[in-house]
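Structure below is coords-v3.cif: mmCIF, C-alpha atoms.
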data_start
#
loop_
_atom_site.group_PDB
_atom_site.id
_atom_site.type_symbol
_atom_site.label_atom_id
_atom_site.label_comp_id
_atom_site.auth_asym_id
_atom_site.auth_seq_id
_atom_site.Cartn_x
_atom_site.Cartn_y
_atom_site.Cartn_z
ATOM 1 C CA MET A 24 0.000 0.000 0.000
ATOM 2 C CA ASN A 25 1.391 3.375 -1.032
ATOM 3 C CA LEU A 26 0.683 5.961 1.664
ATOM 4 C CA ASN A 27 2.802 8.426 -0.286
ATOM 5 C CA LEU A 28 -0.292 9.101 -2.395
ATOM 6 C CA ILE A 29 -1.587 11.188 0.524
ATOM 7 C CA PRO A 30 -0.120 14.697 0.859
ATOM 8 C CA ASN A 31 1.864 15.531 4.012
ATOM 9 C CA ILE A 32 1.618 12.071 5.582
ATOM 10 C CA LYS A 33 4.586 11.263 7.798
ATOM 11 C CA HIS A 34 6.435 8.118 8.933
ATOM 12 C CA VAL A 35 5.481 6.133 5.827
ATOM 13 C CA ASN A 36 8.642 4.021 6.103
ATOM 14 C CA SER A 37 8.204 3.123 9.784
ATOM 15 C CA ASN A 38 6.617 -0.261 8.997
ATOM 16 C CA ASN A 39 3.907 0.649 11.491
ATOM 17 C CA PHE A 40 0.129 0.586 11.089
ATOM 18 C CA PHE A 41 -1.394 3.891 9.995
ATOM 19 C CA LEU A 42 -4.035 5.752 11.957
ATOM 20 C CA LEU A 43 -7.182 7.707 11.170
ATOM 21 C CA ALA A 44 -8.059 9.500 14.400
ATOM 22 C CA GLY A 45 -9.864 12.533 15.709
ATOM 23 C CA PRO A 46 -13.230 13.538 17.146
ATOM 24 C CA CYS A 47 -16.490 12.217 15.806
ATOM 25 C CA ALA A 48 -17.649 15.672 14.741
ATOM 26 C CA ILE A 49 -16.027 19.065 14.345
ATOM 27 C CA GLU A 50 -17.603 21.036 17.194
ATOM 28 C CA GLY A 51 -15.412 24.107 16.825
ATOM 29 C CA GLU A 52 -11.924 25.312 15.929
ATOM 30 C CA GLU A 53 -10.364 25.249 19.391
ATOM 31 C CA MET A 54 -11.372 21.665 20.130
ATOM 32 C CA ALA A 55 -10.230 20.413 16.716
ATOM 33 C CA LEU A 56 -6.800 22.048 17.003
ATOM 34 C CA ARG A 57 -6.404 20.855 20.590
ATOM 35 C CA ILE A 58 -7.198 17.232 19.719
ATOM 36 C CA ALA A 59 -5.078 17.262 16.555
ATOM 37 C CA GLU A 60 -2.039 18.655 18.370
ATOM 38 C CA HIS A 61 -2.297 16.014 21.097
ATOM 39 C CA ILE A 62 -2.666 13.123 18.646
ATOM 40 C CA LEU A 63 0.176 14.372 16.472
ATOM 41 C CA LYS A 64 2.629 14.582 19.376
ATOM 42 C CA ILE A 65 1.947 10.932 20.183
ATOM 43 C CA THR A 66 2.040 9.648 16.605
ATOM 44 C CA ASP A 67 5.269 11.524 15.883
ATOM 45 C CA LYS A 68 6.837 9.981 18.972
ATOM 46 C CA LEU A 69 5.721 6.472 17.967
ATOM 47 C CA GLU A 70 6.268 6.977 14.212
ATOM 48 C CA ILE A 71 2.658 6.243 13.284
ATOM 49 C CA PRO A 72 1.408 7.700 9.980
ATOM 50 C CA LEU A 73 -1.582 9.885 10.903
ATOM 51 C CA ILE A 74 -4.619 11.150 9.048
ATOM 52 C CA PHE A 75 -6.708 13.488 11.204
ATOM 53 C CA LYS A 76 -10.416 12.642 11.172
ATOM 54 C CA GLY A 77 -13.428 14.824 11.779
ATOM 55 C CA SER A 78 -16.976 14.832 10.399
ATOM 56 C CA PHE A 79 -17.985 18.193 8.952
ATOM 57 C CA LYS A 80 -21.613 17.209 9.417
ATOM 58 C CA LYS A 81 -23.540 14.285 10.892
ATOM 59 C CA ALA A 82 -26.364 13.191 8.618
ATOM 60 C CA ASN A 83 -27.061 9.833 10.270
ATOM 61 C CA ARG A 84 -28.765 10.660 13.558
ATOM 62 C CA SER A 85 -31.250 8.629 15.562
ATOM 63 C CA ARG A 86 -33.265 11.672 16.646
ATOM 64 C CA ILE A 87 -34.124 14.906 14.890
ATOM 65 C CA ASP A 88 -32.814 16.931 17.845
ATOM 66 C CA SER A 89 -29.356 15.336 17.704
ATOM 67 C CA PHE A 90 -26.332 17.492 16.841
ATOM 68 C CA THR A 91 -25.641 17.582 13.101
ATOM 69 C CA GLY A 92 -22.882 20.158 12.800
ATOM 70 C CA ILE A 93 -21.762 23.774 13.048
ATOM 71 C CA GLY A 94 -22.207 24.508 9.336
ATOM 72 C CA ASP A 95 -20.645 22.685 6.399
ATOM 73 C CA GLU A 96 -18.227 25.325 5.156
ATOM 74 C CA LYS A 97 -17.260 26.407 8.652
ATOM 75 C CA ALA A 98 -16.370 22.846 9.672
ATOM 76 C CA LEU A 99 -14.533 22.123 6.414
ATOM 77 C CA LYS A 100 -12.446 25.274 6.864
ATOM 78 C CA ILE A 101 -11.531 24.085 10.358
ATOM 79 C CA LEU A 102 -10.348 20.778 8.920
ATOM 80 C CA GLN A 103 -8.301 22.725 6.385
ATOM 81 C CA LYS A 104 -6.812 24.840 9.184
ATOM 82 C CA VAL A 105 -5.846 21.712 11.116
ATOM 83 C CA SER A 106 -4.114 20.413 7.993
ATOM 84 C CA LYS A 107 -2.197 23.643 7.377
ATOM 85 C CA THR A 108 -1.348 24.259 11.038
ATOM 86 C CA PHE A 109 0.099 20.823 11.705
ATOM 87 C CA ASN A 110 1.026 19.729 8.174
ATOM 88 C CA VAL A 111 -1.178 16.644 8.521
ATOM 89 C CA PRO A 112 -3.630 15.077 6.030
ATOM 90 C CA THR A 113 -7.325 14.955 6.872
ATOM 91 C CA VAL A 114 -10.349 12.744 6.244
ATOM 92 C CA THR A 115 -14.060 13.446 6.476
ATOM 93 C CA ASP A 116 -17.219 11.515 5.591
ATOM 94 C CA ILE A 117 -19.679 12.581 2.929
ATOM 95 C CA HIS A 118 -23.380 11.806 2.693
ATOM 96 C CA GLU A 119 -24.695 13.285 -0.536
ATOM 97 C CA VAL A 120 -23.407 13.423 -4.109
ATOM 98 C CA SER A 121 -23.014 17.194 -3.800
ATOM 99 C CA ASP A 122 -20.739 16.735 -0.753
ATOM 100 C CA ALA A 123 -18.016 14.983 -2.775
ATOM 101 C CA ALA A 124 -16.597 17.861 -4.781
ATOM 102 C CA LYS A 125 -17.211 20.311 -1.924
ATOM 103 C CA ALA A 126 -15.343 18.288 0.695
ATOM 104 C CA ALA A 127 -12.571 17.357 -1.744
ATOM 105 C CA GLU A 128 -11.529 21.014 -1.830
ATOM 106 C CA TYR A 129 -10.619 20.848 1.865
ATOM 107 C CA VAL A 130 -9.555 17.292 2.778
ATOM 108 C CA ASP A 131 -7.262 14.549 1.474
ATOM 109 C CA VAL A 132 -9.395 11.430 1.993
ATOM 110 C CA LEU A 133 -13.145 11.069 1.464
ATOM 111 C CA GLN A 134 -14.993 8.509 3.560
ATOM 112 C CA ILE A 135 -18.217 6.770 2.586
ATOM 113 C CA PRO A 136 -20.306 5.947 5.691
ATOM 114 C CA ALA A 137 -21.258 2.335 6.327
ATOM 115 C CA PHE A 138 -24.983 2.896 5.800
ATOM 116 C CA LEU A 139 -24.274 4.511 2.418
ATOM 117 C CA VAL A 140 -21.578 2.285 0.947
ATOM 118 C CA ARG A 141 -23.995 0.658 -1.516
ATOM 119 C CA GLN A 142 -25.141 4.037 -2.864
ATOM 120 C CA THR A 143 -23.601 3.920 -6.322
ATOM 121 C CA ASP A 144 -24.006 7.605 -7.200
ATOM 122 C CA LEU A 145 -22.304 8.643 -3.962
ATOM 123 C CA VAL A 146 -19.386 6.236 -4.387
ATOM 124 C CA VAL A 147 -18.896 7.261 -8.017
ATOM 125 C CA ALA A 148 -19.020 10.978 -7.185
ATOM 126 C CA ALA A 149 -16.392 10.457 -4.489
ATOM 127 C CA ALA A 150 -14.188 8.379 -6.783
ATOM 128 C CA LYS A 151 -14.273 11.031 -9.499
ATOM 129 C CA THR A 152 -12.613 13.548 -7.184
ATOM 130 C CA ASN A 153 -9.492 11.337 -7.471
ATOM 131 C CA LYS A 154 -9.033 11.451 -3.706
ATOM 132 C CA VAL A 155 -8.331 8.333 -1.668
ATOM 133 C CA ILE A 156 -11.752 6.821 -0.915
ATOM 134 C CA ASN A 157 -12.286 5.061 2.409
ATOM 135 C CA LEU A 158 -15.270 2.712 2.097
ATOM 136 C CA LYS A 159 -16.805 1.672 5.386
ATOM 137 C CA LYS A 160 -18.215 -1.848 5.338
ATOM 138 C CA GLY A 161 -21.927 -1.804 5.991
ATOM 139 C CA GLN A 162 -22.961 -3.408 9.269
ATOM 140 C CA PHE A 163 -25.325 -5.487 7.135
ATOM 141 C CA MET A 164 -22.731 -6.637 4.578
ATOM 142 C CA SER A 165 -20.393 -9.602 4.359
ATOM 143 C CA PRO A 166 -16.676 -8.961 3.889
ATOM 144 C CA SER A 167 -16.811 -10.475 0.393
ATOM 145 C CA ALA A 168 -19.522 -8.011 -0.660
ATOM 146 C CA MET A 169 -17.065 -5.148 -0.250
ATOM 147 C CA LYS A 170 -15.238 -6.164 -3.414
ATOM 148 C CA HIS A 171 -18.137 -4.679 -5.365
ATOM 149 C CA ALA A 172 -17.855 -1.323 -3.578
ATOM 150 C CA VAL A 173 -14.126 -1.272 -4.321
ATOM 151 C CA GLN A 174 -14.809 -2.148 -7.947
ATOM 152 C CA LYS A 175 -17.187 0.823 -8.274
ATOM 153 C CA VAL A 176 -14.333 3.121 -7.296
ATOM 154 C CA LYS A 177 -11.970 1.467 -9.768
ATOM 155 C CA ASP A 178 -14.535 1.455 -12.555
ATOM 156 C CA SER A 179 -14.845 5.205 -12.012
ATOM 157 C CA GLY A 180 -11.161 5.602 -12.858
ATOM 158 C CA ASN A 181 -9.793 5.755 -9.320
ATOM 159 C CA GLU A 182 -7.476 3.042 -7.998
ATOM 160 C CA LYS A 183 -7.193 4.581 -4.521
ATOM 161 C CA ALA A 184 -9.773 2.673 -2.477
ATOM 162 C CA TRP A 185 -9.594 1.494 1.133
ATOM 163 C CA ILE A 186 -11.999 -0.636 3.159
ATOM 164 C CA THR A 187 -12.815 -0.042 6.816
ATOM 165 C CA ASP A 188 -14.514 -2.710 8.935
ATOM 166 C CA ARG A 189 -16.716 -1.154 11.614
ATOM 167 C CA GLY A 190 -18.296 -4.330 12.932
ATOM 168 C CA THR A 191 -21.387 -6.308 12.002
ATOM 169 C CA MET A 192 -24.827 -6.112 13.585
ATOM 170 C CA PHE A 193 -25.432 -8.729 16.258
ATOM 171 C CA GLY A 194 -29.093 -8.745 17.133
ATOM 172 C CA TYR A 195 -30.662 -5.309 17.384
ATOM 173 C CA GLN A 196 -28.386 -3.510 19.840
ATOM 174 C CA ASP A 197 -24.851 -4.790 19.545
ATOM 175 C CA MET A 198 -21.914 -5.145 17.160
ATOM 176 C CA ILE A 199 -19.317 -7.846 16.669
ATOM 177 C CA VAL A 200 -16.045 -7.911 14.734
ATOM 178 C CA ASP A 201 -15.464 -11.010 12.635
ATOM 179 C CA PHE A 202 -11.692 -10.957 12.294
ATOM 180 C CA ARG A 203 -11.857 -13.562 9.526
ATOM 181 C CA GLY A 204 -13.042 -10.714 7.314
ATOM 182 C CA ILE A 205 -9.826 -8.693 7.608
ATOM 183 C CA PRO A 206 -7.598 -10.899 5.411
ATOM 184 C CA GLU A 207 -10.513 -11.487 3.059
ATOM 185 C CA MET A 208 -11.056 -7.765 2.470
ATOM 186 C CA GLN A 209 -7.312 -7.210 2.133
ATOM 187 C CA GLN A 210 -7.577 -9.165 -1.110
ATOM 188 C CA TYR A 211 -9.597 -6.240 -2.508
ATOM 189 C CA ALA A 212 -7.993 -3.169 -0.896
ATOM 190 C CA PRO A 213 -5.953 -1.988 2.097
ATOM 191 C CA THR A 214 -8.102 -2.670 5.150
ATOM 192 C CA ILE A 215 -8.629 -0.644 8.298
ATOM 193 C CA LEU A 216 -10.347 -1.598 11.546
ATOM 194 C CA ASP A 217 -12.667 1.019 13.036
ATOM 195 C CA VAL A 218 -12.155 0.261 16.696
ATOM 196 C CA THR A 219 -14.609 2.675 18.268
ATOM 197 C CA HIS A 220 -17.630 2.217 15.992
ATOM 198 C CA SER A 221 -17.205 -1.550 16.290
ATOM 199 C CA LEU A 222 -18.093 -1.089 19.943
ATOM 200 C CA GLN A 223 -21.279 0.870 19.407
ATOM 201 C CA GLN A 224 -24.554 -0.318 20.905
ATOM 202 C CA PRO A 225 -27.118 1.184 18.533
ATOM 203 C CA ASN A 226 -30.913 1.364 18.659
ATOM 204 C CA GLN A 227 -31.171 2.211 22.338
ATOM 205 C CA SER A 228 -34.634 3.128 23.586
ATOM 206 C CA THR A 229 -33.433 6.670 24.330
ATOM 207 C CA GLY A 230 -32.528 7.226 20.684
ATOM 208 C CA VAL A 231 -28.902 7.832 21.704
ATOM 209 C CA THR A 232 -26.352 5.194 20.684
ATOM 210 C CA GLY A 233 -24.476 3.462 23.503
ATOM 211 C CA GLY A 234 -21.025 1.909 23.467
ATOM 212 C CA ARG A 235 -18.295 -0.096 25.181
ATOM 213 C CA PRO A 236 -15.165 2.108 25.259
ATOM 214 C CA ASP A 237 -13.710 -0.192 27.915
ATOM 215 C CA MET A 238 -13.184 -2.744 25.129
ATOM 216 C CA ILE A 239 -11.282 -0.437 22.751
ATOM 217 C CA GLU A 240 -7.836 -1.821 23.540
ATOM 218 C CA THR A 241 -9.080 -5.420 23.324
ATOM 219 C CA ILE A 242 -10.469 -4.929 19.825
ATOM 220 C CA ALA A 243 -7.488 -2.851 18.679
ATOM 221 C CA ARG A 244 -4.949 -5.400 19.900
ATOM 222 C CA ALA A 245 -6.768 -8.159 18.058
ATOM 223 C CA GLY A 246 -6.836 -6.093 14.882
ATOM 224 C CA ILE A 247 -3.092 -5.475 14.975
ATOM 225 C CA ALA A 248 -2.458 -9.163 15.671
ATOM 226 C CA VAL A 249 -4.573 -10.150 12.650
ATOM 227 C CA GLY A 250 -2.602 -7.739 10.475
ATOM 228 C CA VAL A 251 -4.843 -4.785 9.624
ATOM 229 C CA ASP A 252 -3.166 -2.091 7.555
ATOM 230 C CA GLY A 253 -4.582 0.701 9.665
ATOM 231 C CA LEU A 254 -6.766 1.630 12.606
ATOM 232 C CA PHE A 255 -9.591 4.140 12.830
ATOM 233 C CA LEU A 256 -10.650 5.542 16.166
ATOM 234 C CA GLU A 257 -12.513 8.522 17.481
ATOM 235 C CA THR A 258 -11.166 10.358 20.494
ATOM 236 C CA HIS A 259 -12.101 13.421 22.523
ATOM 237 C CA PHE A 260 -10.791 15.129 25.661
ATOM 238 C CA ASP A 261 -14.304 15.094 27.162
ATOM 239 C CA PRO A 262 -16.283 12.191 25.650
ATOM 240 C CA LYS A 263 -19.180 12.489 28.093
ATOM 241 C CA ASN A 264 -19.910 15.978 26.825
ATOM 242 C CA ALA A 265 -19.057 15.409 23.165
ATOM 243 C CA LYS A 266 -21.865 16.333 20.819
ATOM 244 C CA SER A 267 -21.761 13.060 18.876
ATOM 245 C CA ASP A 268 -20.803 9.439 19.665
ATOM 246 C CA GLY A 269 -19.487 10.230 23.124
ATOM 247 C CA ALA A 270 -20.528 6.803 24.399
ATOM 248 C CA ASN A 271 -17.945 4.935 22.366
ATOM 249 C CA MET A 272 -15.120 7.465 21.872
ATOM 250 C CA LEU A 273 -11.742 7.016 23.546
ATOM 251 C CA ASP A 274 -10.836 9.552 26.199
ATOM 252 C CA LEU A 275 -7.829 11.405 24.773
ATOM 253 C CA LYS A 276 -5.857 10.890 27.998
ATOM 254 C CA TYR A 277 -5.663 7.147 27.269
ATOM 255 C CA LEU A 278 -4.458 7.481 23.670
ATOM 256 C CA GLU A 279 -0.709 7.423 24.257
ATOM 257 C CA SER A 280 -0.842 4.292 26.393
ATOM 258 C CA LEU A 281 -3.051 2.542 23.840
ATOM 259 C CA LEU A 282 -0.887 3.425 20.834
ATOM 260 C CA THR A 283 2.314 2.547 22.700
ATOM 261 C CA ASN A 284 0.968 -0.931 23.392
ATOM 262 C CA LEU A 285 -0.292 -1.376 19.848
ATOM 263 C CA THR A 286 3.025 -0.281 18.360
ATOM 264 C CA ALA A 287 4.800 -2.865 20.509
ATOM 265 C CA ILE A 288 2.453 -5.570 19.232
ATOM 266 C CA LYS A 289 3.009 -4.420 15.637
ATOM 267 C CA LYS A 290 6.795 -4.668 16.076
ATOM 268 C CA THR A 291 6.384 -8.198 17.409
ATOM 269 C CA ILE A 292 4.149 -9.165 14.481
ATOM 270 C CA ASN A 293 6.684 -7.693 12.038
ATOM 271 C CA GLY A 294 9.331 -9.950 13.546
ATOM 272 C CA PHE A 295 7.362 -13.042 12.529
ATOM 273 C CA LYS A 296 7.336 -12.106 8.839
#

Just dump the structure as structure tokens.
Amino acid sequence: MNLNLIPNIKHVNSNNFFLLAGPCAIEGEEMALRIAEHILKITDKLEIPLIFKGSFKKANRSRIDSFTGIGDEKALKILQKVSKTFNVPTVTDIHEVSDAAKAAEYVDVLQIPAFLVRQTDLVVAAAKTNKVINLKKGQFMSPSAMKHAVQKVKDSGNEKAWITDRGTMFGYQDMIVDFRGIPEMQQYAPTILDVTHSLQQPNQSTGVTGGRPDMIETIARAGIAVGVDGLFLETHFDPKNAKSDGANMLDLKYLESLLTNLTAIKKTINGFK
């Protein structure tokens, strides 16, 4: 996998996993810069290639009164400022065909949400921007079905597709990660494990998604051991008061310990090759 296709990405020769990390949603400039600076200090120390993540809007909400964003252009400009301030690439998710070209002006990687990964027009619009396209596996899809999503990107003239596993629905209110799917999806594209969304507990009676952040390191360790190319995780300095997905985000104060442990596992795995 050639990470050099992404502008400003660092540590590409470290033989480490790469990381997509940041808050669920861009809530404001100060919080985005604060989180990005903290993550970058850790990833530079551990030589982890980083792509800063933040949603410029949240279209998939359980309730109509849930937070959806601070304004599209305002949030996208904050992502751009993070990129320019810290010389780091960025990723955001898009939800409508019109979002593709708009977001591509500000970020380096476009992400297709899991619920929308079968939406052909959306995937094609994203692919035509010629950005790297991160396709999240639908909770309702088998790993093998993701080859068709990847092929849509390639058939649109873009060879830069990734797959991210974010768990599979287990009953109505839980997720599981089937680690057998990681090597299968790696046959189609570089594969990432979304650690935090894999621990969501959706469809709660309150209309607010729950989660199991206490299991983040367990799932992440397993992913590294299986050989994922990258990890995706959402983190915030105050998850309980975050405006989106606070129930399953990692508290920023635990990030360095987690990534230190995961890097050690990765080095051990590399020694077996």

With 8 Å as the threshold, what does the neighbourhood of (-17.7, 11.3, 14.9) contain in terms of residues, counting all atoms listed in the file? Coordinates are those of the file; answer as a list in words.
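Neighbouring residues, ordered by chain and number, come to Gly45, Pro46, Cys47, Ala48, Ile49, Gly77, Ser78, Lys81, Glu257, Ser267 and Asp268 of chain A.
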
Next, write the just-selected residues to a file, as an mmCIF file, keeping the file's coordinate frame, keeping C-alpha atoms as the atom set.
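Ended up saving to part-v4.cif:
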data_model
loop_
_atom_site.group_PDB
_atom_site.id
_atom_site.type_symbol
_atom_site.label_atom_id
_atom_site.label_comp_id
_atom_site.auth_asym_id
_atom_site.auth_seq_id
_atom_site.Cartn_x
_atom_site.Cartn_y
_atom_site.Cartn_z
ATOM 1 C CA GLY A 45 -9.864 12.533 15.709
ATOM 2 C CA PRO A 46 -13.230 13.538 17.146
ATOM 3 C CA CYS A 47 -16.490 12.217 15.806
ATOM 4 C CA ALA A 48 -17.649 15.672 14.741
ATOM 5 C CA ILE A 49 -16.027 19.065 14.345
ATOM 6 C CA GLY A 77 -13.428 14.824 11.779
ATOM 7 C CA SER A 78 -16.976 14.832 10.399
ATOM 8 C CA LYS A 81 -23.540 14.285 10.892
ATOM 9 C CA GLU A 257 -12.513 8.522 17.481
ATOM 10 C CA SER A 267 -21.761 13.060 18.876
ATOM 11 C CA ASP A 268 -20.803 9.439 19.665
#

Please provide as JSON, numbers by chain all residues within 9 Å of stretch 126-138 of chain A, with the sequence filter that same-chain residues fewer than 2 positions apart are discarded (counting all atoms listed in the file).
{"A": [29, 30, 74, 79, 83, 95, 96, 99, 100, 102, 103, 106, 112, 113, 114, 115, 116, 117, 118, 121, 122, 123, 124, 140, 141, 142, 145, 146, 149, 150, 152, 153, 154, 155, 156, 157, 158, 159, 160, 161, 162, 163, 187, 188, 189]}

Distance cut-off 9 Å, centre (-11.5, 0.2, 21.0) in file coordinates, counting all atoms listed in the file: which residues qualify? Return them as an mmCIF file with C-alpha atoms, in the frame of the given file.
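Listing of part_34.cif after writing:
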data_model
loop_
_atom_site.group_PDB
_atom_site.id
_atom_site.type_symbol
_atom_site.label_atom_id
_atom_site.label_comp_id
_atom_site.auth_asym_id
_atom_site.auth_seq_id
_atom_site.Cartn_x
_atom_site.Cartn_y
_atom_site.Cartn_z
ATOM 1 C CA ASP A 217 -12.667 1.019 13.036
ATOM 2 C CA VAL A 218 -12.155 0.261 16.696
ATOM 3 C CA THR A 219 -14.609 2.675 18.268
ATOM 4 C CA HIS A 220 -17.630 2.217 15.992
ATOM 5 C CA SER A 221 -17.205 -1.550 16.290
ATOM 6 C CA LEU A 222 -18.093 -1.089 19.943
ATOM 7 C CA ARG A 235 -18.295 -0.096 25.181
ATOM 8 C CA PRO A 236 -15.165 2.108 25.259
ATOM 9 C CA ASP A 237 -13.710 -0.192 27.915
ATOM 10 C CA MET A 238 -13.184 -2.744 25.129
ATOM 11 C CA ILE A 239 -11.282 -0.437 22.751
ATOM 12 C CA GLU A 240 -7.836 -1.821 23.540
ATOM 13 C CA THR A 241 -9.080 -5.420 23.324
ATOM 14 C CA ILE A 242 -10.469 -4.929 19.825
ATOM 15 C CA ALA A 243 -7.488 -2.851 18.679
ATOM 16 C CA ARG A 244 -4.949 -5.400 19.900
ATOM 17 C CA LEU A 256 -10.650 5.542 16.166
ATOM 18 C CA ASN A 271 -17.945 4.935 22.366
ATOM 19 C CA MET A 272 -15.120 7.465 21.872
ATOM 20 C CA LEU A 273 -11.742 7.016 23.546
#

Which is closer to A:Val111 than all the others in A:Met164, A:Ala270, A:Leu63, A:Ala172, using only C-alpha atoms?
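Counting only C-alpha atoms, the residue closest to A:Val111 is A:Leu63.
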
Please report the interatomic distance between atom CA of A:His259 and atom CA of A:Leu26 in Å with one decimal.
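If I compute the distance from atom CA of A:His259 to atom CA of A:Leu26, I get 25.6 Å.
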
Might you spell out which residues the PyMOL selection byres ((chain A and resi 58-60) around 9) would select in the displayed file, as a count of residues only?
22

Given the PyMOL selection byres ((chain A and resi 283-286) around 9) and the file above, list the residues it selects as an MDAnalysis selection string.
chainID A and resid 39:40 65 69:71 240 243:244 247 278:282 287:291

Just the number, please: distance in Å from atom CA of A:Asn264 to atom CA of A:Ile93, one decimal.
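Distance reported for this atom pair: 15.9 Å.
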
Work out how far apart atom CA of A:Asn36 and atom CA of A:Ile292 are and give it in Å to one decimal.
16.3 Å

Evaluate the PyMOL selection byres ((chain A and resi 180) around 10) and record the selected residues as a list in words, following the chain and residue labels used in the document.
Val147, Ala150, Lys151, Thr152, Asn153, Gln174, Lys175, Val176, Lys177, Asp178, Ser179, Asn181, Glu182 and Lys183 of chain A

Written file, previous selection with C-alpha atoms, as an mmCIF file, in the coordinates of the input:
data_model
loop_
_atom_site.group_PDB
_atom_site.id
_atom_site.type_symbol
_atom_site.label_atom_id
_atom_site.label_comp_id
_atom_site.auth_asym_id
_atom_site.auth_seq_id
_atom_site.Cartn_x
_atom_site.Cartn_y
_atom_site.Cartn_z
ATOM 1 C CA VAL A 147 -18.896 7.261 -8.017
ATOM 2 C CA ALA A 150 -14.188 8.379 -6.783
ATOM 3 C CA LYS A 151 -14.273 11.031 -9.499
ATOM 4 C CA THR A 152 -12.613 13.548 -7.184
ATOM 5 C CA ASN A 153 -9.492 11.337 -7.471
ATOM 6 C CA GLN A 174 -14.809 -2.148 -7.947
ATOM 7 C CA LYS A 175 -17.187 0.823 -8.274
ATOM 8 C CA VAL A 176 -14.333 3.121 -7.296
ATOM 9 C CA LYS A 177 -11.970 1.467 -9.768
ATOM 10 C CA ASP A 178 -14.535 1.455 -12.555
ATOM 11 C CA SER A 179 -14.845 5.205 -12.012
ATOM 12 C CA ASN A 181 -9.793 5.755 -9.320
ATOM 13 C CA GLU A 182 -7.476 3.042 -7.998
ATOM 14 C CA LYS A 183 -7.193 4.581 -4.521
#

Step by step, gather every atom of stretch 67-75 of chain A that the file lists, find the box along x, y and z that holds them, add 8 Å on each side, and finally give centre and edge lengths in Å to one decimal, as AutoDock Vina command-line options.
--center_x 0.1 --center_y 9.9 --center_z 14.0 --size_x 29.5 --size_y 23.2 --size_z 25.9

Using all atoms listed in the file, can you tell me which of A:Gln223, A:Tyr277, A:Leu254, A:Ala82 comes closest to A:Met192?
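The answer is A:Gln223, which sits nearest to A:Met192.
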
For A:Gln209, which of A:Thr191, A:Ser167, A:Asn27, A:Gln196 is the closest residue, counting all atoms listed in the file?
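The answer is A:Ser167, which sits nearest to A:Gln209.
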
Which residues are near A:Thr214? Cut-off 8 Å, all atoms listed in the file, ignore same chain within fewer than 4 positions. Put them as number ranges by chain.
A: 185-188, 205, 208-209, 251-253

Grab the residues selected above and save them as a CSV table (one decimal), in the frame of the given file with C-alpha atoms.
chain,number,residue,atom,x,y,z
A,185,TRP,CA,-9.6,1.5,1.1
A,186,ILE,CA,-12.0,-0.6,3.2
A,187,THR,CA,-12.8,0.0,6.8
A,188,ASP,CA,-14.5,-2.7,8.9
A,205,ILE,CA,-9.8,-8.7,7.6
A,208,MET,CA,-11.1,-7.8,2.5
A,209,GLN,CA,-7.3,-7.2,2.1
A,251,VAL,CA,-4.8,-4.8,9.6
A,252,ASP,CA,-3.2,-2.1,7.6
A,253,GLY,CA,-4.6,0.7,9.7
